[in-house]
Amino acid sequence: MNKEFWYDVMRSGAILGIIMAASRIFERYVLFFSDMPLSTLSMLYLGETVIACVVFIWLLLRFSRRRAAACDPQVGYSYGMAMSYILLVSMFAGVIVGAGDTIFTSAMGYDNYVAGVMSRIEDMRELYGGMGVSASDLKIFDDFAHAMRTSTPPTMLANVFSAFNNYILFGALPGFVIAGVVSRKPEYREMEF
């Protein structure tokens with residue numbers, strides 16, 4: 001693997017990471033800092049998540065096709081090479097998403113973030129309570145609220161490591177199919193005498 005390969009991985013990973021970080025920040029802002037009703041919020045969150053998944057897969061496919069086209073036809077582009085490229089791009093994107101998430105939470109203030117989470121927990125508790133769910137079953141919300149109140153802000157390293165691990169999985173799942181689509185066998189040319 002040469003310098004051009006790593007440049008391509010970092011460029012593609014940076015583009016994917018910035019887009020996914022913007023998506024994550026939007027999700028966090030809408031979920032914890034907006035005053036939308038829970039039903040509207042759920043629909044918006046679902047729509048944004050579907051769009052983010054489609055964009056993620058489309059960009060992985062596009063970047064992988066571009067990488068395959070840049071390879072020497074006589075060498076080919078094996079399934080393993082395609083899969084390793086997809087995983088490396090996804091991991092690099094995960095690092096950027098983790099860093100962006102930490103910066104966003106710090107900018108908004110961790111106490112404000114916890115207050116937003118607590119507000120949504122209370123909304124969920126009221127929703128399920130209104131549906132007739134028993135108080136013993138709602139205890140999970142109390143436990144989660146207590147855990148949030150007593151937690152300390154995660155470090156950037158913890159956020160980056162978490163996003164890194166998540167994006168390995170997020171990249172691998174569509175990557176198994178994408179690698180099969182973009183891989184190609186070497187093209188042998190007959191020697192002329």
# chains A, B, ... in the order shown; residues from 1 in each chain; ligands from 1

call {"tool": "residues_around", "arguments": {"residues": "Leu88 of chain A", "least_positions_apart": "5", "cutoff": "9 Å", "atoms": "only C-alpha atoms", "output": "list in words"}}
result
Val9, Met10, Gly13, Met83, Ala93, Ile168 and Gly171 of chain A

call {"tool": "select_by_dssp", "arguments": {"residues": "segment 5-152 of chain A", "states": "helix (DSSP H, G or I)", "output": "PyMOL selection string"}}
result
chain A and resi 5-33+38-70+79-108+110-130+139-150

call {"tool": "closest_atom_pairs", "arguments": {"of": "segment 66-167 of chain A", "to": "segment 38-58 of chain A", "cutoff": "9 Å", "atoms": "only C-alpha atoms", "output": "Markdown table"}}
result
| residue | atom | partner | partner_atom | distance |
| --- | --- | --- | --- | --- |
| A:Arg120 | CA | A:Leu38 | CA | 8.1 |
| A:Asp123 | CA | A:Leu38 | CA | 7.2 |
| A:Met124 | CA | A:Leu38 | CA | 8.1 |
| A:Leu127 | CA | A:Leu38 | CA | 8.9 |

call {"tool": "residues_around", "arguments": {"residues": "Asp8 of chain A", "least_positions_apart": "6", "cutoff": "9 Å", "atoms": "only C-alpha atoms", "output": "PyMOL selection string"}}
result
chain A and resi 63+67+89
